[in-house]
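Participant: Input data13.csv, format and content: CSV, C-alpha atoms and all ligand atoms.
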chain,number,residue,atom,x,y,z
N,289,MET,CA,-5.4,1.7,18.5
N,290,THR,CA,-5.8,3.8,15.3
N,291,CYS,CA,-7.0,3.2,11.8
N,292,THR,CA,-5.5,5.9,9.6
N,293,ILE,CA,-6.1,6.6,5.9
N,294,LEU,CA,-3.7,8.8,3.9
N,295,VAL,CA,-4.7,10.2,0.5
N,296,GLY,CA,-3.5,12.7,-2.0
N,297,GLY,CA,-5.4,16.0,-2.0
N,298,GLN,CA,-4.4,17.4,-5.4
N,299,TRP,CA,-3.4,15.6,-8.7
N,300,GLY,CA,-1.1,13.0,-7.3
N,301,ASP,CA,2.6,13.3,-6.6
N,302,GLU,CA,1.9,15.4,-3.5
N,303,GLY,CA,4.7,13.5,-1.7
N,304,LYS,CA,2.5,10.8,-0.3
N,305,GLY,CA,5.5,8.3,-0.5
N,306,LYS,CA,7.6,10.5,1.7
N,307,CYS,CA,4.8,11.2,4.2
N,308,ILE,CA,3.9,7.5,4.4
N,309,THR,CA,7.5,6.5,5.0
N,310,TYR,CA,7.8,9.0,7.8
N,311,LEU,CA,4.5,8.1,9.5
N,312,CYS,CA,5.0,4.3,9.2
N,313,SER,CA,8.6,4.5,10.6
N,314,ASN,CA,7.5,6.7,13.4
N,315,ASP,CA,4.2,5.2,14.4
N,316,ASN,CA,5.0,1.6,13.8
N,317,PRO,CA,1.7,0.3,12.5
N,318,ASP,CA,1.1,-3.5,12.6
N,319,ILE,CA,-0.4,-3.4,9.1
N,320,ILE,CA,0.3,-1.1,6.1
N,321,ALA,CA,-2.3,-1.6,3.4
N,322,ARG,CA,-2.1,-0.2,-0.1
N,323,ALA,CA,-5.3,1.2,-1.6
N,324,GLY,CA,-5.8,3.2,-4.8
N,325,VAL,CA,-5.9,2.4,-8.5
N,326,GLY,CA,-2.8,0.3,-9.1
N,327,PRO,CA,0.7,0.5,-10.7
N,328,ASN,CA,-0.1,3.8,-12.5
N,329,ALA,CA,1.3,5.3,-9.2
N,330,GLY,CA,4.9,6.3,-8.7
N,331,HIS,CA,5.7,6.9,-5.1
N,332,SER,CA,9.2,8.2,-4.1
N,333,VAL,CA,10.8,7.0,-0.9
N,334,GLU,CA,14.1,8.4,0.3
N,335,PHE,CA,15.5,6.6,3.3
N,336,ASN,CA,19.1,6.3,4.7
N,337,GLY,CA,20.5,8.2,1.7
N,338,GLU,CA,18.9,5.8,-0.8
N,339,LYS,CA,16.1,6.6,-3.2
N,340,TYR,CA,13.3,4.2,-4.3
N,341,GLY,CA,10.6,4.5,-6.9
N,342,LEU,CA,7.6,2.3,-6.2
N,343,ARG,CA,4.5,1.5,-8.1
N,344,LEU,CA,2.7,-1.2,-6.1
N,345,THR,CA,4.5,-2.0,-2.8
N,346,PRO,CA,3.1,0.0,0.2
N,347,SER,CA,5.5,3.0,0.7
N,348,GLY,CA,5.7,2.1,4.4
N,349,PHE,CA,8.0,-0.9,3.5
N,350,VAL,CA,11.0,0.5,5.3
N,351,ASN,CA,9.4,-0.5,8.6
N,352,LYS,CA,10.4,-4.2,8.6
N,353,GLU,CA,8.0,-5.0,11.5
N,354,SER,CA,4.8,-4.2,9.5
N,355,LYS,CA,2.8,-6.6,7.4
N,356,LEU,CA,2.4,-5.1,3.9
N,357,LEU,CA,-1.0,-5.8,2.2
N,358,ILE,CA,-2.5,-4.8,-1.1
N,359,GLY,CA,-6.3,-4.5,-1.0
N,360,ALA,CA,-8.9,-6.2,-3.3
N,361,GLY,CA,-9.7,-2.9,-5.0
N,362,VAL,CA,-6.1,-2.4,-6.3
N,363,LEU,CA,-5.1,-3.6,-9.7
N,364,VAL,CA,-2.0,-5.8,-9.7
N,365,ASN,CA,0.5,-6.3,-12.5
N,366,PRO,CA,2.4,-9.5,-11.5
N,367,GLU,CA,5.6,-8.4,-13.2
N,368,VAL,CA,5.7,-5.1,-11.3
N,369,LEU,CA,5.0,-7.0,-8.1
N,370,GLU,CA,7.8,-9.5,-8.7
N,371,HIS,CA,10.2,-6.8,-9.7
N,372,GLU,CA,9.6,-4.8,-6.6
N,373,LEU,CA,9.8,-7.9,-4.3
N,374,GLU,CA,13.3,-8.4,-5.8
N,375,TYR,CA,14.3,-4.8,-6.0
N,376,LEU,CA,13.5,-4.2,-2.3
N,377,GLU,CA,15.0,-7.6,-1.2
N,378,LYS,CA,17.0,-6.2,1.6
N,379,TYR,CA,13.8,-5.1,3.3
N,380,ASP,CA,12.7,-8.7,3.5
N,381,LEU,CA,9.4,-8.1,1.7
N,382,LYS,CA,8.8,-11.8,0.9
N,383,GLY,CA,6.9,-13.4,3.7
N,384,ARG,CA,5.3,-10.2,4.9
N,385,THR,CA,3.8,-8.8,1.6
N,386,PHE,CA,0.5,-10.2,0.5
N,387,ILE,CA,-2.2,-9.3,-2.0
N,388,ASP,CA,-5.9,-10.1,-1.8
N,389,PRO,CA,-7.2,-13.0,-4.0
N,390,ARG,CA,-9.7,-10.6,-5.4
N,391,CYS,CA,-7.1,-8.2,-6.8
N,392,ALA,CA,-7.8,-7.9,-10.6
N,393,ILE,CA,-4.8,-8.6,-12.8
N,394,ILE,CA,-3.3,-6.3,-15.5
N,395,THR,CA,-2.1,-8.0,-18.6
N,396,LYS,CA,0.1,-7.0,-21.5
N,397,GLU,CA,-3.1,-6.5,-23.6
N,398,HIS,CA,-4.3,-3.9,-21.0
N,399,GLN,CA,-1.1,-2.0,-21.3
N,400,GLU,CA,-1.1,-2.2,-25.1
N,401,LYS,CA,-4.6,-1.0,-25.2
N,402,ASP,CA,-3.8,1.9,-22.9
N,403,LYS,CA,-0.8,3.0,-25.1
N,404,ALA,CA,-2.4,2.3,-28.5
N,405,SER,CA,-5.6,4.3,-27.8
N,406,GLN,CA,-5.2,7.9,-29.0
N,407,TYR,CA,-8.0,8.9,-26.7
N,408,LEU,CA,-6.4,7.5,-23.6
N,409,SER,CA,-2.7,8.1,-24.3
N,410,LYS,CA,-3.0,11.5,-26.1
N,411,LYS,CA,-6.3,13.2,-25.0
N,412,ILE,CA,-6.3,12.1,-21.4
N,413,GLY,CA,-2.5,11.5,-21.1
N,414,THR,CA,-2.6,8.3,-19.2
N,415,THR,CA,0.4,6.6,-17.7
N,416,GLY,CA,0.2,3.7,-20.1
N,417,SER,CA,0.2,1.2,-17.2
N,418,GLY,CA,-3.0,-0.5,-18.4
N,419,CYS,CA,-5.1,0.6,-15.4
N,420,GLY,CA,-8.0,2.1,-17.4
N,421,PRO,CA,-8.5,-0.9,-19.7
N,422,ALA,CA,-8.2,-3.3,-16.7
N,423,ASN,CA,-10.7,-1.4,-14.6
N,424,SER,CA,-13.0,-1.4,-17.7
N,425,ASP,CA,-12.7,-5.2,-18.0
N,426,ARG,CA,-13.4,-5.5,-14.3
N,427,VAL,CA,-16.6,-3.6,-14.7
N,428,LEU,CA,-17.5,-5.8,-17.7
N,429,ARG,CA,-16.7,-8.8,-15.4
N,430,THR,CA,-14.2,-10.4,-17.7
N,431,ILE,CA,-11.0,-9.7,-15.9
N,432,LYS,CA,-8.9,-12.4,-14.1
N,433,TYR,CA,-8.4,-12.2,-10.4
N,434,ALA,CA,-5.2,-13.0,-8.4
N,435,LYS,CA,-6.8,-16.2,-7.3
N,436,ASP,CA,-6.8,-17.4,-10.9
N,437,ILE,CA,-3.1,-17.0,-11.3
N,438,LYS,CA,-1.1,-20.0,-10.0
N,439,GLU,CA,2.2,-18.0,-9.6
N,440,LEU,CA,0.5,-15.6,-7.2
N,441,GLU,CA,-0.8,-18.3,-4.9
N,442,GLU,CA,2.0,-17.8,-2.3
N,443,TYR,CA,1.3,-14.1,-2.0
N,444,THR,CA,-2.5,-14.2,-1.5
N,445,ILE,CA,-4.2,-13.6,1.8
N,446,ASP,CA,-7.7,-12.4,2.7
N,447,VAL,CA,-6.7,-8.7,3.2
N,448,SER,CA,-10.1,-7.5,4.6
N,449,SER,CA,-10.1,-10.3,7.3
N,450,GLU,CA,-6.5,-9.5,8.2
N,451,ILE,CA,-7.2,-5.8,8.6
N,452,ASN,CA,-10.5,-6.1,10.4
N,453,SER,CA,-9.2,-8.7,12.9
N,454,ALA,CA,-6.1,-6.4,13.5
N,455,ILE,CA,-8.5,-3.5,14.2
N,456,ASP,CA,-10.6,-5.7,16.5
N,457,ASN,CA,-7.5,-6.7,18.4
N,458,GLY,CA,-6.5,-3.1,19.1
N,459,LYS,CA,-3.7,-3.0,16.6
N,460,ASP,CA,-2.7,0.0,14.4
N,461,VAL,CA,-3.5,0.0,10.7
N,462,PHE,CA,-2.3,2.5,8.1
N,463,ILE,CA,-4.1,2.6,4.7
N,464,GLU,CA,-2.3,4.4,1.9
N,465,GLY,CA,-4.1,5.8,-1.1
N,466,SER,CA,-2.6,6.7,-4.5
N,467,GLN,CA,-3.2,9.4,-7.1
N,468,GLY,CA,-5.1,12.4,-5.8
N,469,PHE,CA,-8.5,14.1,-5.3
N,470,GLY,CA,-8.4,16.0,-8.7
N,471,LEU,CA,-7.9,12.6,-10.5
N,472,SER,CA,-11.0,11.0,-8.9
N,473,LEU,CA,-13.4,9.5,-11.5
N,474,TYR,CA,-16.3,10.9,-9.4
N,475,TYR,CA,-15.0,14.3,-8.1
N,476,GLY,CA,-12.0,15.2,-10.3
N,477,THR,CA,-11.8,17.0,-13.6
N,478,TYR,CA,-13.6,14.4,-15.7
N,479,PRO,CA,-12.7,13.2,-18.3
N,480,TYR,CA,-9.1,14.1,-17.4
N,481,VAL,CA,-9.1,11.7,-14.5
N,482,THR,CA,-8.0,8.2,-13.6
N,483,SER,CA,-10.2,5.1,-13.8
N,484,LYS,CA,-11.6,5.1,-10.3
N,485,ASP,CA,-12.6,7.3,-7.3
N,486,THR,CA,-9.5,8.3,-5.3
N,487,THR,CA,-11.1,9.6,-2.1
N,488,ALA,CA,-10.7,8.2,1.4
N,489,SER,CA,-14.0,6.4,1.3
N,490,THR,CA,-12.9,4.4,-1.7
N,491,ALA,CA,-9.5,3.8,-0.1
N,492,ALA,CA,-11.3,2.2,2.8
N,493,ALA,CA,-13.4,0.1,0.5
N,494,ASP,CA,-10.3,-1.0,-1.5
N,495,VAL,CA,-8.9,-2.8,1.5
N,496,GLY,CA,-12.3,-3.9,3.0
N,497,VAL,CA,-12.6,-1.6,5.9
N,498,GLY,CA,-16.0,0.0,6.8
N,499,PRO,CA,-16.3,3.8,7.4
N,500,THR,CA,-17.1,3.3,11.1
N,501,LYS,CA,-13.7,1.7,11.7
N,502,VAL,CA,-11.7,4.7,10.4
N,503,ASP,CA,-10.2,7.1,13.0
N,504,GLU,CA,-8.1,9.6,11.1
N,505,VAL,CA,-7.9,10.8,7.5
N,506,ILE,CA,-4.7,12.6,6.5
N,507,VAL,CA,-4.9,14.5,3.2
N,508,VAL,CA,-1.5,15.4,1.7
N,509,PHE,CA,-1.0,18.6,-0.2
N,510,LYS,CA,2.1,19.9,-1.9
N,511,SER,CA,2.8,23.6,-1.1
N,512,TYR,CA,2.2,24.3,-4.8
N,513,ILE,CA,0.4,22.1,-7.4
N,514,THR,CA,1.8,19.7,-10.0
N,515,ARG,CA,-0.1,17.8,-12.5
N,516,VAL,CA,0.9,15.3,-15.2
N,517,GLY,CA,-1.2,14.4,-18.2
N,518,GLU,CA,-4.0,16.6,-19.7
N,519,GLY,CA,-6.8,18.5,-18.1
N,520,PRO,CA,-7.5,21.8,-16.5
N,521,PHE,CA,-6.4,23.4,-13.3
N,522,ASP,CA,-7.1,27.0,-12.4
N,523,THR,CA,-3.9,28.1,-10.8
N,524,GLU,CA,-1.5,26.7,-13.5
N,525,ILE,CA,1.6,28.9,-14.2
N,526,SER,CA,4.0,28.7,-17.3
N,527,PRO,CA,7.0,26.4,-17.3
N,528,GLU,CA,9.2,29.6,-17.4
N,529,GLU,CA,7.5,30.9,-14.2
N,530,ALA,CA,8.0,27.5,-12.6
N,531,GLU,CA,11.7,27.5,-13.5
N,532,LYS,CA,12.1,30.9,-12.1
N,533,MET,CA,10.5,29.7,-8.8
N,534,HIS,CA,12.7,26.5,-8.9
N,535,ILE,CA,9.7,24.3,-8.7
N,536,GLU,CA,9.9,22.4,-12.0
N,537,GLU,CA,9.4,18.6,-11.6
N,538,TYR,CA,9.6,15.3,-13.6
N,539,GLY,CA,7.4,12.1,-13.0
N,540,VAL,CA,8.6,8.9,-11.3
N,541,VAL,CA,6.9,6.4,-13.6
N,542,THR,CA,6.9,8.2,-17.0
N,543,GLY,CA,9.6,10.8,-16.6
N,544,ARG,CA,7.1,13.3,-18.0
N,545,ARG,CA,7.5,17.0,-17.1
N,546,ARG,CA,4.9,17.9,-14.5
N,547,ARG,CA,2.8,21.0,-15.1
N,548,VAL,CA,3.1,23.4,-12.2
N,549,GLY,CA,0.7,25.8,-10.5
N,550,LEU,CA,0.1,27.7,-7.3
N,551,PHE,CA,-1.7,26.3,-4.2
N,552,ASP,CA,-5.5,26.5,-4.6
N,553,LYS,CA,-7.2,27.0,-1.2
N,554,GLU,CA,-10.8,26.6,-2.5
N,555,PHE,CA,-9.8,23.3,-4.2
N,556,ALA,CA,-8.1,22.2,-1.0
N,557,LYS,CA,-11.2,23.0,1.0
N,558,ARG,CA,-13.4,20.9,-1.2
N,559,SER,CA,-10.8,18.1,-1.2
N,560,CYS,CA,-10.8,18.0,2.6
N,561,MET,CA,-14.6,18.1,2.7
N,562,ILE,CA,-15.1,15.1,0.4
N,563,ASN,CA,-12.2,13.2,2.0
N,564,GLY,CA,-13.5,13.9,5.5
N,565,ALA,CA,-10.0,15.1,6.4
N,566,THR,CA,-9.0,15.3,10.1
N,567,GLN,CA,-5.4,16.3,9.4
N,568,ILE,CA,-3.3,17.8,6.6
N,569,ALA,CA,0.3,16.9,5.7
N,570,LEU,CA,1.9,19.8,3.7
N,571,THR,CA,5.0,18.9,1.7
N,572,CYS,CA,7.7,20.7,-0.3
N,573,ILE,CA,7.6,23.9,1.8
N,574,ASP,CA,11.4,24.0,1.2
N,575,ARG,CA,10.9,24.3,-2.5
N,576,LEU,CA,9.0,27.6,-1.9
N,577,TYR,CA,11.2,28.7,1.0
N,578,PRO,CA,14.7,27.2,0.5
N,579,GLU,CA,15.8,28.5,3.9
N,580,CYS,CA,13.5,25.9,5.4
N,581,ALA,CA,15.2,22.9,3.8
N,582,GLY,CA,15.8,20.1,6.3
N,583,VAL,CA,14.2,22.0,9.2
N,584,ASN,CA,12.5,19.7,11.7
N,585,LYS,CA,11.3,22.1,14.3
N,586,TYR,CA,8.4,24.5,13.7
N,587,ASP,CA,10.1,27.4,15.5
N,588,ASP,CA,13.0,27.1,13.1
N,589,LEU,CA,10.9,27.9,10.0
N,590,SER,CA,11.2,31.4,8.5
N,591,LYS,CA,8.4,33.9,9.3
N,592,GLU,CA,7.3,33.8,5.6
N,593,ALA,CA,7.0,30.0,5.6
N,594,LYS,CA,5.0,30.1,8.9
N,595,ASP,CA,2.7,32.8,7.6
N,596,TYR,CA,2.1,30.7,4.4
N,597,ILE,CA,1.3,27.6,6.4
N,598,GLN,CA,-0.9,29.4,8.8
N,599,ASP,CA,-2.9,31.0,6.0
N,600,ILE,CA,-3.5,27.6,4.4
N,601,GLU,CA,-4.7,26.1,7.7
N,602,ASP,CA,-7.0,29.1,8.4
N,603,SER,CA,-8.5,29.0,4.9
N,604,VAL,CA,-9.0,25.3,4.7
N,605,GLY,CA,-10.1,24.8,8.3
N,606,VAL,CA,-8.2,21.5,9.0
N,607,PRO,CA,-5.1,21.3,11.2
N,608,ILE,CA,-1.7,20.9,9.5
N,609,THR,CA,0.0,18.3,11.6
N,610,ILE,CA,2.9,17.3,9.3
N,611,ILE,CA,5.1,19.7,7.5
N,612,SER,CA,7.7,18.2,5.1
N,613,THR,CA,10.9,20.2,4.4
N,614,GLY,CA,12.8,17.8,2.2
N,615,PRO,CA,12.5,14.4,0.5
N,616,ASP,CA,14.1,12.3,3.3
N,617,LEU,CA,12.0,11.1,6.2
N,618,VAL,CA,14.2,13.0,8.6
N,619,ASP,CA,13.1,16.3,6.9
N,620,THR,CA,9.8,16.4,8.8
N,621,ILE,CA,8.1,18.6,11.3
N,622,ASP,CA,5.6,16.5,13.3
N,623,LEU,CA,3.1,18.7,15.2
N,624,ARG,CA,1.2,15.8,16.5
N,625,LYS,CA,3.7,15.3,19.3
R,1,LIG,P1,1.8,9.4,-6.5
R,1,LIG,O1,1.3,8.1,-6.0
R,1,LIG,O2,2.3,9.3,-7.9
R,1,LIG,O3,0.8,10.5,-6.4
R,1,LIG,O4,3.1,9.8,-5.7
R,1,LIG,P2,3.6,10.6,-4.4
R,1,LIG,O5,2.5,11.4,-3.9
R,1,LIG,O6,4.3,9.6,-3.6
R,1,LIG,O7,4.7,11.6,-5.0
R,1,LIG,P3,6.0,11.4,-5.9
R,1,LIG,O8,6.9,10.6,-5.1
R,1,LIG,O9,5.6,11.0,-7.2
R,1,LIG,O10,6.5,12.9,-6.1
R,1,LIG,C1,6.9,13.7,-5.0
R,1,LIG,C2,8.3,14.2,-5.2
R,1,LIG,O11,8.7,15.1,-4.2
R,1,LIG,C3,9.4,13.1,-5.0
R,1,LIG,O12,10.5,13.3,-5.8
R,1,LIG,C4,9.7,13.2,-3.5
R,1,LIG,O13,11.0,12.7,-3.2
R,1,LIG,C5,9.7,14.7,-3.3
R,1,LIG,N1,9.3,15.2,-2.0
R,1,LIG,C6,8.4,14.7,-1.2
R,1,LIG,N2,8.3,15.6,-0.1
R,1,LIG,C7,9.2,16.6,-0.3
R,1,LIG,C8,9.6,17.8,0.4
R,1,LIG,O14,9.0,18.1,1.4
R,1,LIG,N3,10.5,18.5,-0.2
R,1,LIG,C9,11.2,18.2,-1.3
R,1,LIG,N4,12.1,19.0,-1.8
R,1,LIG,N5,10.8,17.1,-2.0
R,1,LIG,C10,9.9,16.3,-1.5
R,2,LIG,P1,-4.2,6.5,-15.8
R,2,LIG,O1,-4.5,6.5,-14.3
R,2,LIG,O2,-2.9,5.9,-16.2
R,2,LIG,O3,-5.4,6.1,-16.6
R,2,LIG,O4,-4.1,8.1,-16.1
R,2,LIG,C1,-5.1,9.0,-16.0
R,2,LIG,C2,-4.6,10.4,-15.5
R,2,LIG,O5,-4.2,10.2,-14.2
R,2,LIG,C3,-3.5,11.0,-16.3
R,2,LIG,O6,-3.6,12.4,-16.3
R,2,LIG,C4,-2.3,10.6,-15.5
R,2,LIG,O7,-1.2,11.4,-15.6
R,2,LIG,C5,-2.9,10.7,-14.0
R,2,LIG,N1,-2.2,9.8,-13.0
R,2,LIG,C6,-2.4,8.5,-12.8
R,2,LIG,N2,-1.7,8.1,-11.8
R,2,LIG,C7,-1.0,9.1,-11.3
R,2,LIG,C8,0.0,9.3,-10.3
R,2,LIG,O8,0.3,8.4,-9.5
R,2,LIG,N3,0.5,10.6,-10.1
R,2,LIG,C9,0.1,11.6,-10.9
R,2,LIG,N4,-0.8,11.5,-11.9
R,2,LIG,C10,-1.3,10.3,-12.1
R,3,MG,MG,4.0,10.0,-8.1
Could you spell out this file's structure in structure tokens?
Ligand code: GTP
Ligand code: IMP
Ligand code: MG
Facilitator:
Amino acid sequence: MTCTILVGGQWGDEGKGKCITYLCSNDNPDIIARAGVGPNAGHSVEFNGEKYGLRLTPSGFVNKESKLLIGAGVLVNPEVLEHELEYLEKYDLKGRTFIDPRCAIITKEHQEKDKASQYLSKKIGTTGSGCGPANSDRVLRTIKYAKDIKELEEYTIDVSSEINSAIDNGKDVFIEGSQGFGLSLYYGTYPYVTSKDTTASTAAADVGVGPTKVDEVIVVFKSYITRVGEGPFDTEISPEEAEKMHIEEYGVVTGRRRRVGLFDKEFAKRSCMINGATQIALTCIDRLYPECAGVNKYDDLSKEAKDYIQDIEDSVGVPITIISTGPDLVDTIDLRK
């Protein structure tokens, strides 16, 4: 019986979607619960040769046995939810996907406010998904909850009771965060952050699980850094340098070009400290070391890649248990076995 939380360690887009898909397919948790801010996220899942972009649905959806829950702390845009339930129809989401009645609801007005505000859209560089204005209305206690929306009635369930009784009955629970440590409203590069804390403690609170119930915290790091939107990061390199290294990237939700930088060990250490990391998942090692693409045994990695990974583990002081060598879930080295 294990309750695991997975969160992003950098500025989002670390490859959480891929890691969650792998872990949930492999470990078969009874419940997969989505924490984090809301539909500002864009998780990519590649499975059986197909590629999915998700904003709200838990990335573990490919496991058809698991119950998929969205916690009370997560903002829900009913249109995005409906769209994803249809889009992922062949995974039989209906009947096993539920949201908490206390999820706050994003409206068109929230999205318009997000896009119309020069401060939010230009200075901060938000995703325009309405999350900031919605969380603001939540704090002002004017926002509507899922329980107030008639059309959502069939999807609502008390998520915290579901998860806590699963834990009490010895079942496995997997909690997935979104965004990343550097975007935390508390610990990130304020004001260039998202509208909420993004660390593991808040992920637990998002789904109604107390800290004493959590067994493992997996922090996901990309082998280099990417960031979308404005705000500083110390190890940034120029777009030309990123192209030379073949590590340029574009966003899932907005299609914006991601800014790129080198791995920052000091930042990673702090991220692991505040998240209480027990394990690290390291992704995109194949982008830095193309000879490692698709490798799924540690011994088959090149010496350069092994040295790079070992150096990160030694500097950060947390075991690297998952190494991702490509976007598909089969491109994974699992050192937990
Ligand atoms: P957010 O919730 O937005 O933070 O998303 P995320 O952490 O799920 O990451 P996102 O899917 O936005 O971006 C990661 C990108 O890297 C996607 O295109 C993935 O398919 C891809 N990816 C993930 N792991 C690997 C890997 O190990 N190698 C390669 N080459 N691509 C990867
Ligand atoms: P907001 O969350 O839309 O308000 O955007 C605030 C900041 O967080 C901007 O810099 C966004 O680019 C960034 N952000 C929000 N969600 C994600 C994500 O899922 N991946 C990467 N960056 C994100
Ligand atoms: Mg993303």
Participant: Do a neighbour search on N:Ile562 at 12 Å with all atoms listed in the file, toss out local chain neighbours closer than 5 positions, and write the hits as a list in words.
Facilitator: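 In the requested form, the answer reads Val295, Gly297, Phe469, Gly470, Ser472, Tyr474, Tyr475, Gly476, Asp485, Thr486, Thr487, Ala488, Ser489, Thr490, Val505, Val507, Phe555, Ala556 and Lys557 of chain N.
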Participant: Give me the residues near stretch 419-434 of chain N as a ChimeraX atom specification, where near means some atom within 12 Å (using all atoms listed in the file) and where sequence neighbours in that chain fewer than 6 positions away do not count.
Facilitator: /N:324-329,358-366,369,386-405,407-409,412-413,440-446,473,481-485
Participant: Which residues are near ligand LIG 1 (chain R) in this structure, taking near to mean any atom at most 9 Å from a ligand atom and counting only C-alpha atoms and all ligand atoms? Format them as a ChimeraX atom specification.
Facilitator: /N:295-296,298-308,324,327-334,339-343,347,465-468,508-511,537-541,570-575,578,581-582,611-617,619-620
Participant: Kindly give the distance, in Å, that separates atom CA of N:Glu450 and atom O8 of ligand LIG 2 (chain R), rounded to a single decimal.
Facilitator: 26.1 Å
Participant: For N:Ala569, which of N:Ile608, N:Ile513, N:Ile525, N:Ile437 is the closest residue, counting only C-alpha atoms?
Facilitator: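 Answer, going by the shortest atom-to-atom distance: N:Ile608.
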Participant: For N:Gly337, which residue among N:Pro499, N:Ala321, N:Leu373, N:Val618 is the nearest when counting all atoms listed in the file?
Facilitator: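 Going through N:Pro499, N:Ala321, N:Leu373, N:Val618 one by one, the smallest distance to N:Gly337 is for N:Val618.
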